[in-house]
Every structure is written in structure tokens, then in C-alpha cells.
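Student: If it helps, the file is called input.pdb and holds PDB, C-alpha atoms and all ligand atoms:
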```pdb
ATOM      1  CA  MET W 289     -17.202  -7.344  -8.692
ATOM      2  CA  ILE W 290     -15.538  -4.002  -9.477
ATOM      3  CA  ARG W 291     -11.972  -3.656  -8.231
ATOM      4  CA  LEU W 292     -11.332  -0.064  -7.263
ATOM      5  CA  ALA W 293      -8.027   1.215  -5.866
ATOM      6  CA  VAL W 294      -7.503   4.557  -4.140
ATOM      7  CA  VAL W 295      -3.913   5.728  -4.558
ATOM      8  CA  SER W 296      -1.810   8.865  -4.299
ATOM      9  CA  GLY W 297       1.547   9.834  -5.659
ATOM     10  CA  LYS W 298       2.655  10.898  -2.179
ATOM     11  CA  GLY W 299       1.837  10.297   1.459
ATOM     12  CA  GLY W 300      -0.356  12.601   3.537
ATOM     13  CA  THR W 301      -2.936  13.433   0.885
ATOM     14  CA  GLY W 302      -5.883  12.005   2.857
ATOM     15  CA  LYS W 303      -6.192   8.833   0.796
ATOM     16  CA  THR W 304      -7.198   6.637   3.742
ATOM     17  CA  VAL W 305      -9.787   9.134   5.001
ATOM     18  CA  ILE W 306     -11.337   9.134   1.535
ATOM     19  CA  THR W 307     -11.188   5.329   1.230
ATOM     20  CA  SER W 308     -12.882   4.890   4.603
ATOM     21  CA  ALA W 309     -15.592   7.365   3.582
ATOM     22  CA  LEU W 310     -16.122   5.581   0.251
ATOM     23  CA  SER W 311     -16.589   2.324   2.143
ATOM     24  CA  GLN W 312     -19.642   3.661   4.019
ATOM     25  CA  MET W 313     -21.838   4.770   1.172
ATOM     26  CA  LEU W 314     -23.359   1.599  -0.241
ATOM     27  CA  PRO W 315     -24.536  -0.900   2.392
ATOM     28  CA  ASN W 316     -23.283  -4.507   2.234
ATOM     29  CA  TYR W 317     -21.202  -3.883  -0.838
ATOM     30  CA  TYR W 318     -17.579  -3.899   0.216
ATOM     31  CA  LEU W 319     -14.645  -6.204   0.431
ATOM     32  CA  LEU W 320     -11.671  -4.158   1.629
ATOM     33  CA  ALA W 321      -7.907  -4.451   1.507
ATOM     34  CA  ASP W 322      -5.386  -2.080   3.026
ATOM     35  CA  CYS W 323      -2.417  -2.338   0.686
ATOM     36  CA  ASP W 324      -0.511   0.479   2.369
ATOM     37  CA  VAL W 325       1.315  -2.249   4.252
ATOM     38  CA  ASP W 326       4.165  -0.033   5.466
ATOM     39  CA  ALA W 327       1.683   2.087   7.422
ATOM     40  CA  ALA W 328      -1.675   0.305   7.381
ATOM     41  CA  ASN W 329      -4.286   2.470   9.076
ATOM     42  CA  LEU W 330      -7.578   1.958   7.262
ATOM     43  CA  GLY W 331      -8.568  -0.347  10.133
ATOM     44  CA  LEU W 332      -8.290   2.544  12.591
ATOM     45  CA  LEU W 333     -11.358   4.086  10.992
ATOM     46  CA  LEU W 334     -13.423   0.940  10.494
ATOM     47  CA  ALA W 335     -13.479  -0.710  13.953
ATOM     48  CA  PRO W 336     -12.261  -4.102  12.729
ATOM     49  CA  LYS W 337     -12.729  -7.294  14.762
ATOM     50  CA  ARG W 338      -9.964  -9.728  13.889
ATOM     51  CA  ILE W 339     -11.166 -13.186  12.926
ATOM     52  CA  HIS W 340      -8.007 -14.675  11.429
ATOM     53  CA  ARG W 341      -4.277 -13.933  11.402
ATOM     54  CA  GLU W 342      -1.416 -15.619   9.609
ATOM     55  CA  PRO W 343       2.331 -15.066   9.321
ATOM     56  CA  PHE W 344       3.839 -13.562   6.203
ATOM     57  CA  HIS W 345       7.072 -15.205   5.093
ATOM     58  CA  GLY W 346       9.252 -12.791   3.201
ATOM     59  CA  MET W 347      12.248 -13.751   1.121
ATOM     60  CA  ASN W 348      14.711 -16.364   2.313
ATOM     61  CA  THR W 349      17.867 -15.131   3.969
ATOM     62  CA  ALA W 350      21.313 -16.712   4.058
ATOM     63  CA  VAL W 351      22.742 -18.406   7.145
ATOM     64  CA  ILE W 352      26.343 -19.557   7.687
ATOM     65  CA  ASP W 353      27.049 -22.894   9.360
ATOM     66  CA  PRO W 354      30.051 -22.071  11.603
ATOM     67  CA  ASP W 355      31.070 -25.750  11.729
ATOM     68  CA  LEU W 356      31.663 -25.778   7.967
ATOM     69  CA  CYS W 357      33.005 -22.224   7.544
ATOM     70  CA  THR W 358      36.794 -21.999   7.064
ATOM     71  CA  LEU W 359      36.826 -18.180   7.343
ATOM     72  CA  CYS W 360      37.979 -17.619   3.745
ATOM     73  CA  GLY W 361      35.947 -14.396   3.491
ATOM     74  CA  LYS W 362      34.630 -14.959  -0.059
ATOM     75  CA  CYS W 363      31.006 -14.454   0.988
ATOM     76  CA  SER W 364      31.872 -11.037   2.408
ATOM     77  CA  GLU W 365      33.902 -10.117  -0.652
ATOM     78  CA  PHE W 366      31.117 -10.934  -3.125
ATOM     79  CA  CYS W 367      28.052  -9.736  -1.202
ATOM     80  CA  ARG W 368      26.917  -6.499  -2.916
ATOM     81  CA  PHE W 369      24.571  -5.682  -0.054
ATOM     82  CA  ARG W 370      27.210  -5.631   2.695
ATOM     83  CA  ALA W 371      25.121  -8.194   4.547
ATOM     84  CA  VAL W 372      28.057 -10.301   5.742
ATOM     85  CA  ASP W 373      29.510  -9.248   9.083
ATOM     86  CA  HIS W 374      32.904 -10.303  10.352
ATOM     87  CA  ASN W 375      34.162 -10.194  13.907
ATOM     88  CA  LYS W 376      36.407 -12.241  16.126
ATOM     89  CA  GLU W 377      33.790 -14.980  16.310
ATOM     90  CA  GLY W 378      33.770 -15.399  12.540
ATOM     91  CA  PHE W 379      31.394 -14.539   9.685
ATOM     92  CA  SER W 380      27.673 -14.052  10.064
ATOM     93  CA  ILE W 381      24.869 -12.660   7.902
ATOM     94  CA  SER W 382      22.547  -9.822   8.851
ATOM     95  CA  ASN W 383      18.991 -10.913   8.126
ATOM     96  CA  ILE W 384      18.009  -7.231   7.853
ATOM     97  CA  ARG W 385      20.499  -6.482   5.057
ATOM     98  CA  CYS W 386      20.469  -9.842   3.279
ATOM     99  CA  GLU W 387      18.500  -9.706   0.026
ATOM    100  CA  GLY W 388      18.548 -13.471  -0.471
ATOM    101  CA  CYS W 389      20.321 -13.209  -3.842
ATOM    102  CA  GLY W 390      22.315 -16.419  -3.320
ATOM    103  CA  VAL W 391      25.711 -15.129  -4.471
ATOM    104  CA  CYS W 392      27.413 -15.995  -1.167
ATOM    105  CA  ALA W 393      26.245 -19.614  -1.352
ATOM    106  CA  PHE W 394      27.456 -19.788  -4.946
ATOM    107  CA  VAL W 395      30.973 -18.608  -4.101
ATOM    108  CA  CYS W 396      31.370 -20.422  -0.762
ATOM    109  CA  PRO W 397      33.893 -23.220  -1.347
ATOM    110  CA  GLU W 398      32.711 -25.166   1.696
ATOM    111  CA  GLY W 399      28.970 -25.268   1.063
ATOM    112  CA  ALA W 400      28.589 -23.595   4.447
ATOM    113  CA  ILE W 401      25.715 -21.299   3.472
ATOM    114  CA  SER W 402      22.063 -22.300   3.380
ATOM    115  CA  PHE W 403      18.805 -20.345   3.277
ATOM    116  CA  THR W 404      16.055 -20.006   5.798
ATOM    117  CA  SER W 405      12.623 -18.489   5.578
ATOM    118  CA  ARG W 406      12.009 -15.436   7.735
ATOM    119  CA  ILE W 407       8.716 -14.167   9.127
ATOM    120  CA  ALA W 408       8.498 -10.629   7.783
ATOM    121  CA  GLY W 409       5.037  -9.666   8.918
ATOM    122  CA  GLU W 410       1.500 -10.728   9.698
ATOM    123  CA  ILE W 411      -1.738 -10.620   7.709
ATOM    124  CA  PHE W 412      -5.121 -10.083   9.358
ATOM    125  CA  LEU W 413      -8.657 -10.778   8.225
ATOM    126  CA  SER W 414     -11.284  -8.794  10.133
ATOM    127  CA  ASP W 415     -14.964  -8.016  10.147
ATOM    128  CA  SER W 416     -15.293  -4.246   9.855
ATOM    129  CA  THR W 417     -18.138  -1.746   9.796
ATOM    130  CA  ALA W 418     -17.915  -1.774   5.982
ATOM    131  CA  GLY W 419     -17.359  -5.477   5.272
ATOM    132  CA  PRO W 420     -14.473  -7.946   5.420
ATOM    133  CA  LEU W 421     -11.124  -6.161   5.696
ATOM    134  CA  VAL W 422      -7.682  -7.632   5.050
ATOM    135  CA  ASP W 423      -4.679  -5.692   6.267
ATOM    136  CA  ALA W 424      -1.155  -6.465   7.359
ATOM    137  CA  MET W 425       1.763  -5.409   9.447
ATOM    138  CA  LEU W 426       5.333  -5.564   8.208
ATOM    139  CA  VAL W 427       8.119  -6.261  10.684
ATOM    140  CA  PRO W 428      10.195  -3.047  11.024
ATOM    141  CA  GLY W 429      13.122  -3.194   8.620
ATOM    142  CA  ALA W 430      11.642  -6.041   6.582
ATOM    143  CA  GLY W 431      11.441  -5.520   2.825
ATOM    144  CA  ASN W 432       9.079  -7.263   0.419
ATOM    145  CA  SER W 433       6.167  -4.899   0.859
ATOM    146  CA  GLY W 434       5.215  -5.573  -2.785
ATOM    147  CA  LEU W 435       4.986  -9.288  -2.060
ATOM    148  CA  LEU W 436       2.980  -8.596   1.089
ATOM    149  CA  VAL W 437       0.533  -6.462  -0.906
ATOM    150  CA  HIS W 438       0.118  -9.401  -3.289
ATOM    151  CA  GLU W 439      -0.658 -11.713  -0.340
ATOM    152  CA  VAL W 440      -3.119  -9.221   1.205
ATOM    153  CA  LYS W 441      -5.037  -9.023  -2.078
ATOM    154  CA  LYS W 442      -4.938 -12.785  -2.550
ATOM    155  CA  ILE W 443      -6.445 -13.421   0.880
ATOM    156  CA  ALA W 444      -9.081 -10.731   0.339
ATOM    157  CA  LEU W 445     -10.104 -12.153  -3.028
ATOM    158  CA  ALA W 446     -10.346 -15.646  -1.555
ATOM    159  CA  GLN W 447     -13.309 -14.401   0.529
ATOM    160  CA  ASP W 448     -16.894 -14.788  -0.576
ATOM    161  CA  ARG W 449     -17.428 -12.968  -3.903
ATOM    162  CA  LYS W 450     -20.893 -11.638  -3.022
ATOM    163  CA  TRP W 451     -19.405  -8.180  -2.504
ATOM    164  CA  ASN W 452     -19.923  -5.674  -5.298
ATOM    165  CA  ILE W 453     -16.786  -3.602  -4.794
ATOM    166  CA  PHE W 454     -13.293  -4.673  -3.910
ATOM    167  CA  LEU W 455     -12.071  -1.394  -2.432
ATOM    168  CA  VAL W 456      -8.323  -1.118  -1.994
ATOM    169  CA  ASP W 457      -6.501   1.528   0.018
ATOM    170  CA  GLY W 458      -3.271   1.721  -1.939
ATOM    171  CA  PRO W 459       0.218   2.750  -0.881
ATOM    172  CA  PRO W 460       1.650   6.226  -1.457
ATOM    173  CA  GLY W 461       4.387   6.629  -4.059
ATOM    174  CA  ILE W 462       5.092   4.697  -7.243
ATOM    175  CA  GLY W 463       7.198   1.776  -6.023
ATOM    176  CA  CYS W 464       6.728  -1.957  -5.941
ATOM    177  CA  PRO W 465       3.731  -1.913  -3.533
ATOM    178  CA  LEU W 466       1.848   0.326  -5.976
ATOM    179  CA  ILE W 467       2.566  -2.010  -8.900
ATOM    180  CA  SER W 468       1.304  -4.915  -6.818
ATOM    181  CA  THR W 469      -1.791  -2.930  -5.808
ATOM    182  CA  LEU W 470      -2.659  -1.989  -9.380
ATOM    183  CA  THR W 471      -2.397  -5.467 -10.831
ATOM    184  CA  GLY W 472      -5.898  -6.595 -11.778
ATOM    185  CA  VAL W 473      -7.768  -3.411 -10.793
ATOM    186  CA  ASP W 474     -10.604  -2.076 -12.955
ATOM    187  CA  ALA W 475     -10.549   1.563 -11.865
ATOM    188  CA  VAL W 476      -8.362   3.917  -9.874
ATOM    189  CA  LEU W 477      -9.127   7.044  -7.882
ATOM    190  CA  ILE W 478      -6.045   9.238  -7.439
ATOM    191  CA  VAL W 479      -6.055  11.602  -4.462
ATOM    192  CA  THR W 480      -3.879  14.670  -4.783
ATOM    193  CA  GLU W 481      -3.426  17.972  -2.969
ATOM    194  CA  PRO W 482      -2.841  21.518  -4.222
ATOM    195  CA  SER W 483       0.923  21.891  -3.998
ATOM    196  CA  ILE W 484       3.875  21.777  -6.387
ATOM    197  CA  SER W 485       4.869  18.377  -5.077
ATOM    198  CA  GLY W 486       1.227  17.253  -5.242
ATOM    199  CA  LEU W 487       1.096  18.013  -8.980
ATOM    200  CA  HIS W 488       4.529  16.521  -9.604
ATOM    201  CA  ASP W 489       3.608  13.280  -7.829
ATOM    202  CA  LEU W 490       0.211  13.198  -9.518
ATOM    203  CA  LYS W 491       1.926  13.219 -12.922
ATOM    204  CA  ARG W 492       4.235  10.394 -11.852
ATOM    205  CA  VAL W 493       1.495   8.197 -10.447
ATOM    206  CA  VAL W 494      -0.764   8.727 -13.477
ATOM    207  CA  LYS W 495       2.056   7.435 -15.719
ATOM    208  CA  VAL W 496       2.250   4.234 -13.686
ATOM    209  CA  VAL W 497      -1.511   3.752 -13.347
ATOM    210  CA  MET W 498      -1.992   4.114 -17.128
ATOM    211  CA  ASN W 499      -0.137   0.823 -17.551
ATOM    212  CA  TYR W 500      -2.927  -0.978 -15.671
ATOM    213  CA  THR W 501      -6.174   0.817 -16.404
ATOM    214  CA  THR W 502      -7.410   3.843 -18.275
ATOM    215  CA  GLN W 503     -10.367   4.226 -15.921
ATOM    216  CA  ILE W 504      -8.743   6.965 -13.850
ATOM    217  CA  SER W 505     -10.469   9.620 -11.760
ATOM    218  CA  ILE W 506      -8.798  12.385  -9.792
ATOM    219  CA  VAL W 507      -9.858  14.218  -6.646
ATOM    220  CA  ILE W 508      -8.142  17.203  -5.018
ATOM    221  CA  ASN W 509      -8.189  17.097  -1.244
ATOM    222  CA  ARG W 510      -7.985  20.337   0.808
ATOM    223  CA  TYR W 511      -8.386  22.218  -2.470
ATOM    224  CA  ASP W 512      -8.991  25.554  -0.720
ATOM    225  CA  ILE W 513      -5.592  25.754   0.981
ATOM    226  CA  ASP W 514      -4.074  26.888  -2.336
ATOM    227  CA  GLU W 515      -6.706  27.740  -4.916
ATOM    228  CA  PRO W 516      -4.277  28.931  -7.659
ATOM    229  CA  MET W 517      -2.530  25.557  -7.394
ATOM    230  CA  THR W 518      -5.923  23.801  -7.497
ATOM    231  CA  GLU W 519      -6.614  25.727 -10.702
ATOM    232  CA  LEU W 520      -3.290  24.551 -12.162
ATOM    233  CA  ILE W 521      -4.084  20.913 -11.329
ATOM    234  CA  SER W 522      -7.597  21.290 -12.753
ATOM    235  CA  GLU W 523      -6.126  22.647 -16.006
ATOM    236  CA  TRP W 524      -3.623  19.800 -16.178
ATOM    237  CA  CYS W 525      -6.430  17.222 -15.697
ATOM    238  CA  SER W 526      -8.496  18.898 -18.373
ATOM    239  CA  ASP W 527      -5.540  19.098 -20.822
ATOM    240  CA  LYS W 528      -4.740  15.418 -20.336
ATOM    241  CA  GLY W 529      -8.378  14.310 -20.398
ATOM    242  CA  PHE W 530      -8.518  12.889 -16.867
ATOM    243  CA  PRO W 531     -11.825  13.490 -15.084
ATOM    244  CA  LEU W 532     -11.423  15.660 -11.994
ATOM    245  CA  ILE W 533     -14.435  14.337 -10.111
ATOM    246  CA  GLY W 534     -14.224  16.293  -6.904
ATOM    247  CA  LYS W 535     -12.643  18.996  -4.787
ATOM    248  CA  ILE W 536     -12.763  18.425  -1.055
ATOM    249  CA  PRO W 537     -12.320  21.464   1.219
ATOM    250  CA  PHE W 538     -10.078  21.597   4.252
ATOM    251  CA  ASP W 539     -12.463  20.624   7.025
ATOM    252  CA  PRO W 540     -11.646  20.458  10.756
ATOM    253  CA  TRP W 541     -14.428  17.857  11.029
ATOM    254  CA  ILE W 542     -12.202  15.493   9.102
ATOM    255  CA  ILE W 543      -9.474  15.892  11.724
ATOM    256  CA  ASP W 544     -12.051  15.272  14.462
ATOM    257  CA  SER W 545     -13.371  12.205  12.703
ATOM    258  CA  VAL W 546      -9.858  10.735  12.481
ATOM    259  CA  ARG W 547      -9.243  11.535  16.160
ATOM    260  CA  ASN W 548     -12.463   9.684  16.964
ATOM    261  CA  CYS W 549     -11.527   6.751  14.688
ATOM    262  CA  ARG W 550     -14.632   7.197  12.554
ATOM    263  CA  PRO W 551     -15.137   7.753   8.821
ATOM    264  CA  ILE W 552     -16.002  11.386   8.032
ATOM    265  CA  THR W 553     -19.331  10.261   6.559
ATOM    266  CA  ARG W 554     -20.576   9.716  10.132
ATOM    267  CA  PHE W 555     -20.560  13.527  10.385
ATOM    268  CA  ASP W 556     -22.784  13.947   7.362
ATOM    269  CA  THR W 557     -23.341  17.695   7.671
ATOM    270  CA  ALA W 558     -19.582  18.367   7.572
ATOM    271  CA  PRO W 559     -18.520  20.135   4.339
ATOM    272  CA  GLY W 560     -15.815  17.505   3.797
ATOM    273  CA  ALA W 561     -18.347  14.676   4.099
ATOM    274  CA  GLN W 562     -20.699  16.366   1.637
ATOM    275  CA  ALA W 563     -17.913  16.939  -0.898
ATOM    276  CA  ILE W 564     -16.799  13.299  -0.597
ATOM    277  CA  GLN W 565     -20.406  12.120  -1.009
ATOM    278  CA  GLU W 566     -20.767  14.147  -4.229
ATOM    279  CA  MET W 567     -17.440  12.854  -5.504
ATOM    280  CA  ALA W 568     -18.426   9.263  -4.608
ATOM    281  CA  ASP W 569     -21.705   9.561  -6.530
ATOM    282  CA  VAL W 570     -19.769  10.485  -9.672
ATOM    283  CA  LEU W 571     -17.156   7.791  -9.053
ATOM    284  CA  TYR W 572     -19.633   4.986  -8.405
ATOM    285  CA  ARG W 573     -21.717   5.940 -11.413
ATOM    286  CA  SER W 574     -18.590   5.943 -13.587
ATOM    287  CA  VAL W 575     -17.665   2.394 -12.522
ATOM    288  CA  GLY W 576     -21.249   1.190 -12.869
ATOM    289  CA  VAL W 577     -22.204   0.412  -9.280
ATOM    290  CA  LYS W 578     -24.814   3.129  -8.822
TER     291      LYS W 578
HETATM  292  S1  LIG W 601      32.575 -18.133   1.852
HETATM  293 FE1  LIG W 601      31.912 -19.890   3.086
HETATM  294  S2  LIG W 601      33.772 -20.618   4.037
HETATM  295 FE2  LIG W 601      34.245 -18.612   3.267
HETATM  296  S3  LIG W 601      33.856 -17.253   4.994
HETATM  297 FE3  LIG W 601      31.959 -17.346   3.834
HETATM  298  S4  LIG W 601      30.811 -19.002   4.766
HETATM  299 FE4  LIG W 601      32.890 -19.219   5.469
HETATM  300  S1  LIG W 602      22.235 -13.965  -0.135
HETATM  301 FE1  LIG W 602      23.061 -12.234  -1.279
HETATM  302  S2  LIG W 602      22.571 -10.488   0.038
HETATM  303 FE2  LIG W 602      22.385 -12.278   1.311
HETATM  304  S3  LIG W 602      24.364 -12.457   2.261
HETATM  305 FE3  LIG W 602      24.392 -13.759   0.450
HETATM  306  S4  LIG W 602      25.280 -12.448  -1.139
HETATM  307 FE4  LIG W 602      24.659 -11.121   0.539
END
```
Before anything else, please render the file you have as C-alpha cells.
Ligand code: SF4
Ligand code: SF4

Tutor:
Amino acid sequence: MIRLAVVSGKGGTGKTVITSALSQMLPNYYLLADCDVDAANLGLLLAPKRIHREPFHGMNTAVIDPDLCTLCGKCSEFCRFRAVDHNKEGFSISNIRCEGCGVCAFVCPEGAISFTSRIAGEIFLSDSTAGPLVDAMLVPGAGNSGLLVHEVKKIALAQDRKWNIFLVDGPPGIGCPLISTLTGVDAVLIVTEPSISGLHDLKRVVKVVMNYTTQISIVINRYDIDEPMTELISEWCSDKGFPLIGKIPFDPWIIDSVRNCRPITRFDTAPGAQAIQEMADVLYRSVGVK
């Protein structure tokens, strides 16, 4: 099974639209994971029917036992995350700000601090129009999205291995969720857009991806909104030796397809769908599934 991640150095490049389109091209081939856990929306385009859900336990957070606390204030003094609150009722710990580092328990002279596990989100397994899909929802304010990505992938890979492609919709940016997404992948498609920030973020994400795989392909979405910038990105790809495997035009059909919660490939005469199909042919041939 080929593990293919679709990522972007920044949000809003159309990564999920492209992932959903890629998932429609080879019948009965896909196992899917939405690793953009801070804003999971691949499911919106793939009509998932949930068949299993389970809680995601994030890091442990500290709790003060008021019966043991003598109000010395050491926990507040040593907490670098300002997670200890103090009011007339005594000391308490914010489970939003607490990073679970354990320093407060170490310095507490009364042994009044213990740790409790917190539900930080939920993970879902669904049947979708493309195959089994695992996605997740993080509780607002909860951290640990990298750990949640790891869990999403673990649950996906525990499914039947008859699928030929493990297709992952990755997170934007280059933080911890991206690292977690890239671990163990065979190939990566990077989606960029023709803008200064698009090129800047493309360079950053390529640097990170190179640590995990050299099988990198690049596609420029909405290439025709700034053709000189598209030219600059094309030159950069060529200079660095990264294959630019497609240029997708701005296409109002794509907006319509998202509004209708359908992959753009359902509108197969749309210019965007045709450009994605051509790009997908090159991509799938390069990873050996076509
Ligand atoms: S360090 Fe322990 S005893 Fe002191 S205020 Fe904090 S919880 Fe209470
Ligand atoms: S575990 Fe760390 S972050 Fe949480 S309250 Fe204690 S010192 Fe602060």
C-alpha cells in the first residue's frame, strides 16, 4: 500500500479539494485519513457515514486537592505557563493552559497536586464514497493536535490493508501535526498557490518534507490568478529539481462543487476537474499505482 500525503505550507491553497478529487479516480483503492485535525473538512466532500467513534485523551492536566493545599503559592510561582489561578477560594489550575509538565507537583510541599486525563477530542471512522475515512475533531482550545494526528493514522492503518493507497489530507503549515502526518509516508504532493507567501511557504514545507521522503511532487492551484508568480514558482521547482506535475486554473465550478459538498471530479467537464485529472495521472504513475 502506497502512503501518499497531500500537504501545503499554508492554509487556503485548495489542498482538501484536491485530496477529495484524488480519492475519486481509482475505484476501490482508497483508505483515507484527514490529518488536518484543527479544521477537518475532507468528510464534507465525501458523504461519510459514521460507523465508529472514540474519545481522544490528550495530555494529563494537573489538579489541586483543596483539602491538602496549604495555600503556599509555590505551584503558581513555578508554573511557566501561568496555568495556576488564585482567588479568594484558593488555588486552582486551568485545564486549558496547563501543559502537564509536572513542575507544580514537584514543588508542592504537601503532595496536593495529582494528574487527570482529559478528553481533548473525538476520532471517527466512517464509510465514505471513496473508502474508509478516519477523521477527528479537537475540542476548542485543546492542544496535542500532533498526537491526535498520530492516533488518526493509527486507527486508519488498523483497517483492512486491501486498499492500494493510504491517502492523507495533511494539515497546513509546518508544525507538529505536519511532522506527525509525514511520519511513514512514501510520497507527498505539495499544493501551492501563485503568491509571494505561497512561494515562501512552499520553500518552508519542502525543507520539512525532505526529512521524510524525497518523492515530492508540486502542483500550483489557481495558477492563472498571477501568471508571473506561477512562472517564478515553476522556475524555482525546476532549479531545485522538484517535479511540478500540474497547474490547476481558477474555476468557479470548484466553488460550486464545494458548495454542493461534492468532489470536483463529479463535474468532469469543468476545467479544474480536467487539470486535476491530468495531474493525478502523472502523480499516480510516479508512485506506481497506475
Ligand atoms: S504548591 Fe501545593 S500547597 Fe502550595 S499552593 Fe500549590 S497546591 Fe497548594
Ligand atoms: S503541570 Fe506544569 S503547566 Fe500544568 S499547572 Fe503544573 S506547572 Fe503549570

Student: Run through the PyMOL selection byres (((chain W and resi 405) around 7) and not hetatm) on the given coordinates and return the selected residues as JSON, numbers by chain.

Tutor: {"W": [345, 347, 348, 349, 403, 404, 406, 407]}

Student: Which residues are near W:Phe379? Cut-off 10 Å, only C-alpha atoms, ignore same chain within fewer than 6 positions. Put them as a list in words.

Tutor: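 Near neighbours after the sequence-gap exclusion: Val351, Ile352, Asp353, Pro354, Cys357, Thr358, Leu359, Cys360, Gly361, Cys363, Ser364, Val372 and Asp373 of chain W.
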
Student: Could you list, as a PyMOL selection string, every residue matched by the PyMOL selection byres (((chain W and resi 342) around 6) and not hetatm) in this structure?

Tutor: chain W and resi 341+343+410-411

Student: Check which residues satisfy the PyMOL selection byres (((not hetatm)) within 10 of (chain W and resi 602)) in the file shown, then give them as a ChimeraX atom specification.

Tutor: /W:348-352,362-373,380-396,401-403

Student: Can you list, as a tab-separated table (two decimals) with C-alpha atoms, in the frame of the given file, every protein, DNA or RNA residue that comes within 9 Å of W:Ile508 when you count all atoms listed in the file, leaving out same-chain residues fewer than 3 positions away?

Tutor:
```tsv
chain	number	residue	atom	x	y	z
W	301	THR	CA	-2.94	13.43	0.88
W	478	ILE	CA	-6.04	9.24	-7.44
W	479	VAL	CA	-6.06	11.60	-4.46
W	480	THR	CA	-3.88	14.67	-4.78
W	481	GLU	CA	-3.43	17.97	-2.97
W	482	PRO	CA	-2.84	21.52	-4.22
W	511	TYR	CA	-8.39	22.22	-2.47
W	518	THR	CA	-5.92	23.80	-7.50
W	521	ILE	CA	-4.08	20.91	-11.33
W	522	SER	CA	-7.60	21.29	-12.75
W	532	LEU	CA	-11.42	15.66	-11.99
W	533	ILE	CA	-14.44	14.34	-10.11
W	534	GLY	CA	-14.22	16.29	-6.90
W	535	LYS	CA	-12.64	19.00	-4.79
W	536	ILE	CA	-12.76	18.42	-1.06
W	537	PRO	CA	-12.32	21.46	1.22
```

Student: Residues near W:Phe555, anyone? I mean within 10 Å using only C-alpha atoms, not counting same-chain ones fewer than 5 positions away, as a list in words.

Tutor: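 The contact residues come out as Trp541, Ile542, Asp544, Ser545, Arg550, Gly560, Ala561 and Gln562 of chain W.
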
Student: Do you have the atom CA of W:Ala321-atom CA of W:Phe530 distance handy?

Tutor: 25.3 Å

Student: Compare W:Ile504, W:Leu314, W:Leu319, W:Ile484 by their minimum atom-to-atom distance to W:Ala444, counting only C-alpha atoms, and give me the closest one.

Tutor: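 Distance minimum relative to W:Ala444 lands on W:Leu319.
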
Student: Using all atoms listed in the file, which residues sit within 12 Å of W:Gly297 once same-chain residues fewer than 2 positions away are excluded, as a PyMOL selection string?

Tutor: chain W and resi 294-295+299-303+458-463+466+477-481+485-497+506

Student: If I take atom CA of W:Lys450 and atom CA of W:Ala418, how far is one from the other in Å, to one decimal?

Tutor: 13.7 Å

Student: Using only C-alpha atoms, which of the listed residues (W:Ser311, W:Gln447, W:Ser483, W:Asn452) sits closest to W:Ser416?

Tutor: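 Comparing W:Ser311, W:Gln447, W:Ser483, W:Asn452 against W:Ser416, the winner is W:Ser311.
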
Student: Pick the closest to W:Leu292 from W:Gly529, W:Gly472, W:Gly399, W:Pro315: which is it, counting all atoms listed in the file?

Tutor: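 Closest residue, counting all atoms listed in the file: W:Gly472.
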
Student: Excluding stretch 332-334 of chain W and residues on its chain fewer than 5 positions from it, collect all residues at most 12 Å away from it, counting only C-alpha atoms, and give them as a ChimeraX atom specification.

Tutor: /W:304-312,320-322,327,414-423,542-554

Student: What does the distance between atom CA of W:Asn375 and atom S3 of ligand LIG 601 (chain W) come to in Å, to one decimal place?

Tutor: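 For atom CA of W:Asn375 relative to atom S3 of ligand LIG 601 (chain W), the distance reads 11.4 Å.
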
Student: Quick one: what's the axis-aligned box for ligand LIG 601 (chain W), all listed atoms, 4 Å on every side, centre and edges in Å to one decimal, as JSON?

Tutor:
```
{"center_x": 32.5, "center_y": -18.9, "center_z": 3.7, "size_x": 11.4, "size_y": 11.4, "size_z": 11.6}
```

Student: For W:Thr502, which residue out of W:Asp326, W:Asp457, W:Asp474, W:Asp527 is the nearest one, using all atoms listed in the file?

Tutor: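 Smallest distance to W:Thr502 is found for W:Asp474.
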
Student: Restricting the calculation to all atoms listed in the file, which member of W:Trp451, W:Leu413, W:Lys298, W:Asn499 is positioned closest to W:Pro336?

Tutor: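 Smallest separation from W:Pro336 among the options: W:Leu413.
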
Student: Of the candidates W:Arg573, W:Lys528, W:Arg510, W:His374, which shows the shortest atom-to-atom distance to ligand LIG 601 (chain W), using only C-alpha atoms and all ligand atoms?

Tutor: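 Comparing W:Arg573, W:Lys528, W:Arg510, W:His374 against ligand LIG 601 (chain W), the winner is W:His374.
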
Student: Could you rebuild stretch 383-395 of chain W with N, CA and C atoms and give it back as a CSV table (one decimal), in the frame of the given file?

Tutor:
```
chain,number,residue,atom,x,y,z
W,383,ASN,N,20.2,-10.6,8.8
W,383,ASN,CA,19.0,-10.9,8.1
W,383,ASN,C,18.2,-9.6,7.8
W,384,ILE,N,18.6,-8.5,8.3
W,384,ILE,CA,18.0,-7.2,7.9
W,384,ILE,C,18.6,-6.8,6.5
W,385,ARG,N,19.9,-7.0,6.3
W,385,ARG,CA,20.5,-6.5,5.1
W,385,ARG,C,20.5,-7.5,3.9
W,386,CYS,N,20.4,-8.8,4.3
W,386,CYS,CA,20.5,-9.8,3.3
W,386,CYS,C,19.3,-9.8,2.3
W,387,GLU,N,19.6,-9.8,1.0
W,387,GLU,CA,18.5,-9.7,0.0
W,387,GLU,C,18.2,-11.1,-0.6
W,388,GLY,N,18.8,-12.1,0.0
W,388,GLY,CA,18.5,-13.5,-0.5
W,388,GLY,C,19.0,-13.8,-1.9
W,389,CYS,N,20.0,-13.1,-2.4
W,389,CYS,CA,20.3,-13.2,-3.8
W,389,CYS,C,21.0,-14.5,-4.1
W,390,GLY,N,21.7,-15.1,-3.1
W,390,GLY,CA,22.3,-16.4,-3.3
W,390,GLY,C,23.8,-16.4,-3.8
W,391,VAL,N,24.3,-15.2,-4.0
W,391,VAL,CA,25.7,-15.1,-4.5
W,391,VAL,C,26.7,-15.7,-3.5
W,392,CYS,N,26.5,-15.5,-2.2
W,392,CYS,CA,27.4,-16.0,-1.2
W,392,CYS,C,27.4,-17.5,-1.2
W,393,ALA,N,26.3,-18.1,-1.3
W,393,ALA,CA,26.2,-19.6,-1.4
W,393,ALA,C,26.9,-20.1,-2.6
W,394,PHE,N,26.8,-19.4,-3.7
W,394,PHE,CA,27.5,-19.8,-4.9
W,394,PHE,C,29.0,-19.8,-4.8
W,395,VAL,N,29.5,-18.7,-4.1
W,395,VAL,CA,31.0,-18.6,-4.1
W,395,VAL,C,31.6,-19.3,-2.9
```
